[in-house]
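As structure tokens, the structure follows; a few thoughts come after it.
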Amino acid sequence: MSKIAVVSDSHGSIENLAYFTDRLKGVDALWHLGDHAEDAVPLSAWLNCGCVAVRGNCDPFSDAPLSYTVEWHHKRILLLHGHTVFGRLPLLYAAKEARADAVLFGHSHVPSIETVEGVLMLNPGSLSRPRTAKGPSVALLTLTDEALSAEILFCDPR
């Protein structure tokens with residue numbers, strides 16, 4: 001079993017990760033879905049794990065790719081920001097084209113989880129500029145050889 005921290009739209013403000021560190025202890029990796037993709041490095045150092053990042057619309061000078069397909073526990077997961085492929089159906093088609101079991105995206109700053117036609121569609125929301133009353137959010141992705149699941153973690157002020 002592996003646990004992956006999924007973040008998006010940190011916009012250079014990584015201090016909110018402090019609200020999640022207890023719940024993200026021991027994750028195997030951090031995946032950053034863009035808008036300050038370079039934040040993946042200090043965030044993953046904070047969590048003591050490796051990282052992967054994709055470029056968002058606020059990353060014009062980033063070397064990160066626009067999309068990236070990860071193979072983990074016999075699952076294919078498509079990572080992208082969502083500004084070039086926006087909307088439920090285009091995201092689903094992109095996942096199907098990549099033969100992905102899941103598509104992870106950001107951009108809207110609104111967290112969501114749903115499964116459509118067998119594809120897990122996950123938006124972790126925004127670490128820095130949430131568009132929900134619940135505040136900043138991240139996602140925790142759990143992978144086994146048999147299953148793929150996710151949960152949204154909301155800010156838990158101490």
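Chain lettering (A, B, ...) mirrors the order of the structure tokens, residue numbering begins at 1 for each chain separately, and ligand numbering begins at 1 in order of display.
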
request  = Skip Phe86 in chain A itself and residues of its chain fewer than 2 positions away, then list as a list in words all residues within 12 Å of it, counting only C-alpha atoms.
outcome  = Asn57, Leu80, His81, Gly82, His83, Thr84, Arg88, Leu89, Pro90, Leu91, Leu92, Tyr93, Ala94, Val103, Leu104, Phe105, Gly106, His107, Ser108 and Asn123 of chain A

ask   = What lies within 12 Å of Trp46 in chain A using only C-alpha atoms, ignoring chain neighbours under 4 positions off, as number ranges by chain?
value = A: 5, 14-18, 20-22, 24-27, 29-30, 39-42, 50-51

Go ahead and save the residues from that selection, with N, CA and C atoms, as a PDB file, in the first residue's frame.
ATOM      1  N   ALA A   5       0.472  12.277  -1.055  1.00  0.00           N
ATOM      2  CA  ALA A   5      -0.101  13.602  -0.790  1.00  0.00           C
ATOM      3  C   ALA A   5      -0.259  14.300  -2.133  1.00  0.00           C
ATOM      4  N   ILE A  14       3.278  28.104   1.068  1.00  0.00           N
ATOM      5  CA  ILE A  14       3.306  26.704   1.496  1.00  0.00           C
ATOM      6  C   ILE A  14       3.072  26.515   2.993  1.00  0.00           C
ATOM      7  N   GLU A  15       2.962  27.610   3.728  1.00  0.00           N
ATOM      8  CA  GLU A  15       2.854  27.494   5.186  1.00  0.00           C
ATOM      9  C   GLU A  15       1.606  26.747   5.651  1.00  0.00           C
ATOM     10  N   ASN A  16       0.540  26.714   4.844  1.00  0.00           N
ATOM     11  CA  ASN A  16      -0.669  25.989   5.249  1.00  0.00           C
ATOM     12  C   ASN A  16      -0.449  24.488   5.345  1.00  0.00           C
ATOM     13  N   LEU A  17       0.648  23.979   4.770  1.00  0.00           N
ATOM     14  CA  LEU A  17       0.921  22.551   4.896  1.00  0.00           C
ATOM     15  C   LEU A  17       1.053  22.157   6.367  1.00  0.00           C
ATOM     16  N   ALA A  18       1.429  23.095   7.218  1.00  0.00           N
ATOM     17  CA  ALA A  18       1.563  22.806   8.647  1.00  0.00           C
ATOM     18  C   ALA A  18       0.269  22.244   9.239  1.00  0.00           C
ATOM     19  N   PHE A  20      -1.616  20.164   7.894  1.00  0.00           N
ATOM     20  CA  PHE A  20      -1.856  18.812   7.391  1.00  0.00           C
ATOM     21  C   PHE A  20      -0.759  17.816   7.737  1.00  0.00           C
ATOM     22  N   THR A  21       0.354  18.277   8.302  1.00  0.00           N
ATOM     23  CA  THR A  21       1.515  17.397   8.451  1.00  0.00           C
ATOM     24  C   THR A  21       1.225  16.158   9.293  1.00  0.00           C
ATOM     25  N   ASP A  22       0.436  16.271  10.342  1.00  0.00           N
ATOM     26  CA  ASP A  22       0.129  15.088  11.156  1.00  0.00           C
ATOM     27  C   ASP A  22      -0.617  14.045  10.327  1.00  0.00           C
ATOM     28  N   LEU A  24      -0.503  13.708   7.096  1.00  0.00           N
ATOM     29  CA  LEU A  24       0.266  13.290   5.923  1.00  0.00           C
ATOM     30  C   LEU A  24       1.582  12.610   6.292  1.00  0.00           C
ATOM     31  N   LYS A  25       1.810  12.385   7.579  1.00  0.00           N
ATOM     32  CA  LYS A  25       3.048  11.724   8.014  1.00  0.00           C
ATOM     33  C   LYS A  25       3.186  10.365   7.347  1.00  0.00           C
ATOM     34  N   GLY A  26       4.380  10.106   6.845  1.00  0.00           N
ATOM     35  CA  GLY A  26       4.659   8.802   6.263  1.00  0.00           C
ATOM     36  C   GLY A  26       4.193   8.607   4.834  1.00  0.00           C
ATOM     37  N   VAL A  27       3.767   9.688   4.141  1.00  0.00           N
ATOM     38  CA  VAL A  27       3.385   9.514   2.737  1.00  0.00           C
ATOM     39  C   VAL A  27       4.609   9.104   1.921  1.00  0.00           C
ATOM     40  N   ALA A  29       5.027   9.872  -1.355  1.00  0.00           N
ATOM     41  CA  ALA A  29       5.376  10.885  -2.355  1.00  0.00           C
ATOM     42  C   ALA A  29       4.409  12.060  -2.237  1.00  0.00           C
ATOM     43  N   LEU A  30       4.809  13.157  -2.846  1.00  0.00           N
ATOM     44  CA  LEU A  30       3.949  14.328  -2.978  1.00  0.00           C
ATOM     45  C   LEU A  30       3.832  14.630  -4.460  1.00  0.00           C
ATOM     46  N   ASP A  39       6.969  24.785  -5.763  1.00  0.00           N
ATOM     47  CA  ASP A  39       6.666  24.562  -4.340  1.00  0.00           C
ATOM     48  C   ASP A  39       6.737  23.088  -3.978  1.00  0.00           C
ATOM     49  N   ALA A  40       6.702  22.198  -4.972  1.00  0.00           N
ATOM     50  CA  ALA A  40       6.760  20.764  -4.705  1.00  0.00           C
ATOM     51  C   ALA A  40       8.027  20.380  -3.955  1.00  0.00           C
ATOM     52  N   VAL A  41       9.142  21.031  -4.263  1.00  0.00           N
ATOM     53  CA  VAL A  41      10.416  20.665  -3.634  1.00  0.00           C
ATOM     54  C   VAL A  41      10.403  20.962  -2.133  1.00  0.00           C
ATOM     55  N   PRO A  42      10.101  22.198  -1.690  1.00  0.00           N
ATOM     56  CA  PRO A  42      10.072  22.408  -0.233  1.00  0.00           C
ATOM     57  C   PRO A  42       8.940  21.651   0.453  1.00  0.00           C
ATOM     58  N   GLY A  50       9.683  11.977  -1.855  1.00  0.00           N
ATOM     59  CA  GLY A  50       9.947  12.441  -3.210  1.00  0.00           C
ATOM     60  C   GLY A  50       8.753  13.195  -3.777  1.00  0.00           C
ATOM     61  N   CYS A  51       8.965  13.829  -4.940  1.00  0.00           N
ATOM     62  CA  CYS A  51       7.871  14.610  -5.509  1.00  0.00           C
ATOM     63  C   CYS A  51       7.869  14.558  -7.029  1.00  0.00           C
TER      64      CYS A  51
END

note = Using only C-alpha atoms, the residue out of A:Asn48, A:Tyr19, A:Ala53, A:Met1 with shortest distance to Pro65 in chain A is A:Ala53

request  = Would you list, as a PyMOL selection string, the residues of chain A that end up in strand (DSSP E) under DSSP run on this structure's backbone?
outcome  = chain A and resi 2-7+29-32+50-53+67-72+75-80+102-104+112-116+119-123+137-143+148-154

Quick one: write out the picked residues with C-alpha atoms as a PDB file, in the first residue's frame?
ATOM      1  CA  SER A   2       1.168   3.526  -0.796  1.00  0.00           C
ATOM      2  CA  LYS A   3      -0.110   6.890   0.309  1.00  0.00           C
ATOM      3  CA  ILE A   4       0.442   9.974  -1.835  1.00  0.00           C
ATOM      4  CA  ALA A   5      -0.101  13.602  -0.790  1.00  0.00           C
ATOM      5  CA  VAL A   6      -1.718  15.517  -3.651  1.00  0.00           C
ATOM      6  CA  VAL A   7      -1.609  19.330  -3.657  1.00  0.00           C
ATOM      7  CA  ALA A  29       5.376  10.885  -2.355  1.00  0.00           C
ATOM      8  CA  LEU A  30       3.949  14.328  -2.978  1.00  0.00           C
ATOM      9  CA  TRP A  31       2.351  15.167  -6.324  1.00  0.00           C
ATOM     10  CA  HIS A  32       1.901  18.873  -7.096  1.00  0.00           C
ATOM     11  CA  GLY A  50       9.947  12.441  -3.210  1.00  0.00           C
ATOM     12  CA  CYS A  51       7.871  14.610  -5.509  1.00  0.00           C
ATOM     13  CA  VAL A  52       6.475  15.022  -8.993  1.00  0.00           C
ATOM     14  CA  ALA A  53       5.072  18.305 -10.314  1.00  0.00           C
ATOM     15  CA  SER A  67       1.036  16.602 -17.910  1.00  0.00           C
ATOM     16  CA  TYR A  68       2.653  13.499 -16.523  1.00  0.00           C
ATOM     17  CA  THR A  69       1.526   9.900 -16.294  1.00  0.00           C
ATOM     18  CA  VAL A  70       2.620   7.992 -13.203  1.00  0.00           C
ATOM     19  CA  GLU A  71       2.565   4.204 -12.917  1.00  0.00           C
ATOM     20  CA  TRP A  72       2.253   3.143  -9.282  1.00  0.00           C
ATOM     21  CA  LYS A  75      -2.255   1.847 -11.682  1.00  0.00           C
ATOM     22  CA  ARG A  76      -1.834   4.613 -14.287  1.00  0.00           C
ATOM     23  CA  ILE A  77      -2.513   8.109 -12.983  1.00  0.00           C
ATOM     24  CA  LEU A  78      -2.618  11.184 -15.213  1.00  0.00           C
ATOM     25  CA  LEU A  79      -1.456  14.388 -13.516  1.00  0.00           C
ATOM     26  CA  LEU A  80      -2.261  17.769 -15.038  1.00  0.00           C
ATOM     27  CA  ALA A 102      -7.292   8.209 -12.432  1.00  0.00           C
ATOM     28  CA  VAL A 103      -6.896  11.820 -13.474  1.00  0.00           C
ATOM     29  CA  LEU A 104      -5.656  14.338 -10.895  1.00  0.00           C
ATOM     30  CA  SER A 112     -13.783  17.207  -5.633  1.00  0.00           C
ATOM     31  CA  ILE A 113     -13.700  13.428  -5.896  1.00  0.00           C
ATOM     32  CA  GLU A 114     -15.829  11.362  -8.224  1.00  0.00           C
ATOM     33  CA  THR A 115     -15.564   8.203 -10.247  1.00  0.00           C
ATOM     34  CA  VAL A 116     -16.834   8.417 -13.813  1.00  0.00           C
ATOM     35  CA  VAL A 119     -11.935   6.641 -13.733  1.00  0.00           C
ATOM     36  CA  LEU A 120     -11.193   8.360 -10.421  1.00  0.00           C
ATOM     37  CA  MET A 121     -11.299  12.135 -10.941  1.00  0.00           C
ATOM     38  CA  LEU A 122      -9.610  14.051  -8.123  1.00  0.00           C
ATOM     39  CA  ASN A 123      -9.118  17.763  -7.514  1.00  0.00           C
ATOM     40  CA  SER A 137      -7.298  21.532   1.280  1.00  0.00           C
ATOM     41  CA  VAL A 138      -5.070  18.710   0.060  1.00  0.00           C
ATOM     42  CA  ALA A 139      -5.871  15.148  -0.933  1.00  0.00           C
ATOM     43  CA  LEU A 140      -4.578  11.820   0.296  1.00  0.00           C
ATOM     44  CA  LEU A 141      -4.464   9.163  -2.412  1.00  0.00           C
ATOM     45  CA  THR A 142      -4.216   5.529  -1.314  1.00  0.00           C
ATOM     46  CA  LEU A 143      -3.046   2.907  -3.802  1.00  0.00           C
ATOM     47  CA  LEU A 148      -7.318   3.267  -5.715  1.00  0.00           C
ATOM     48  CA  SER A 149      -9.073   5.656  -3.325  1.00  0.00           C
ATOM     49  CA  ALA A 150      -8.834   9.266  -2.240  1.00  0.00           C
ATOM     50  CA  GLU A 151      -9.999  11.610   0.461  1.00  0.00           C
ATOM     51  CA  ILE A 152      -9.956  15.387   0.746  1.00  0.00           C
ATOM     52  CA  LEU A 153      -8.320  16.759   3.881  1.00  0.00           C
ATOM     53  CA  PHE A 154      -9.437  20.209   4.967  1.00  0.00           C
TER      54      PHE A 154
END

inquiry  = Restricting the calculation to only C-alpha atoms: of A:Cys155, A:Ala100, A:Ala37, A:Ala64, which residue gets closest to Leu127 in chain A?
reply    =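 When distances to Leu127 in chain A are compared using only C-alpha atoms, the smallest one comes from A:Cys155.
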
query = When DSSP works through the backbone of this structure, what residues of range 67-96 of chain A end up as alpha helix (DSSP H), shown as number ranges by chain?
reply = A: 88-96

Go ahead and write the residues just picked, N, CA and C atoms, as a JSON list (two decimals), in the first residue's frame.
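Resulting contents of result20.json:
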[["chain", "number", "residue", "atom", "x", "y", "z"],
["A", 88, "ARG", "N", -15.34, 18.39, -16.93],
["A", 88, "ARG", "CA", -15.48, 16.98, -16.58],
["A", 88, "ARG", "C", -15.25, 16.04, -17.78],
["A", 89, "LEU", "N", -15.93, 16.27, -18.88],
["A", 89, "LEU", "CA", -15.77, 15.39, -20.03],
["A", 89, "LEU", "C", -14.39, 15.45, -20.66],
["A", 90, "PRO", "N", -13.82, 16.64, -20.92],
["A", 90, "PRO", "CA", -12.47, 16.68, -21.48],
["A", 90, "PRO", "C", -11.44, 15.99, -20.56],
["A", 91, "LEU", "N", -11.60, 16.14, -19.24],
["A", 91, "LEU", "CA", -10.69, 15.46, -18.32],
["A", 91, "LEU", "C", -10.85, 13.94, -18.41],
["A", 92, "LEU", "N", -12.09, 13.49, -18.49],
["A", 92, "LEU", "CA", -12.35, 12.06, -18.62],
["A", 92, "LEU", "C", -11.75, 11.53, -19.92],
["A", 93, "TYR", "N", -11.94, 12.26, -21.03],
["A", 93, "TYR", "CA", -11.38, 11.83, -22.31],
["A", 93, "TYR", "C", -9.85, 11.79, -22.26],
["A", 94, "ALA", "N", -9.25, 12.77, -21.60],
["A", 94, "ALA", "CA", -7.78, 12.78, -21.47],
["A", 94, "ALA", "C", -7.31, 11.55, -20.69],
["A", 95, "ALA", "N", -8.03, 11.21, -19.62],
["A", 95, "ALA", "CA", -7.68, 10.03, -18.83],
["A", 95, "ALA", "C", -7.83, 8.76, -19.67],
["A", 96, "LYS", "N", -8.93, 8.66, -20.42],
["A", 96, "LYS", "CA", -9.16, 7.48, -21.25],
["A", 96, "LYS", "C", -8.08, 7.37, -22.33]]

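The coordinates place CA of His36 in chain A at 9.3 Å from CA of Val54 in chain A.
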
key: Residue nearest Leu33 in chain A among A:Gly56, A:Cys49, A:Glu146, A:Arg131 (counting only C-alpha atoms)   = A:Gly56

Separation of CA of Ser62 in chain A from CA of Ser44 in chain A in Å =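 According to the coordinates, CA of Ser44 in chain A and CA of Ser62 in chain A are separated by 17.4 Å.
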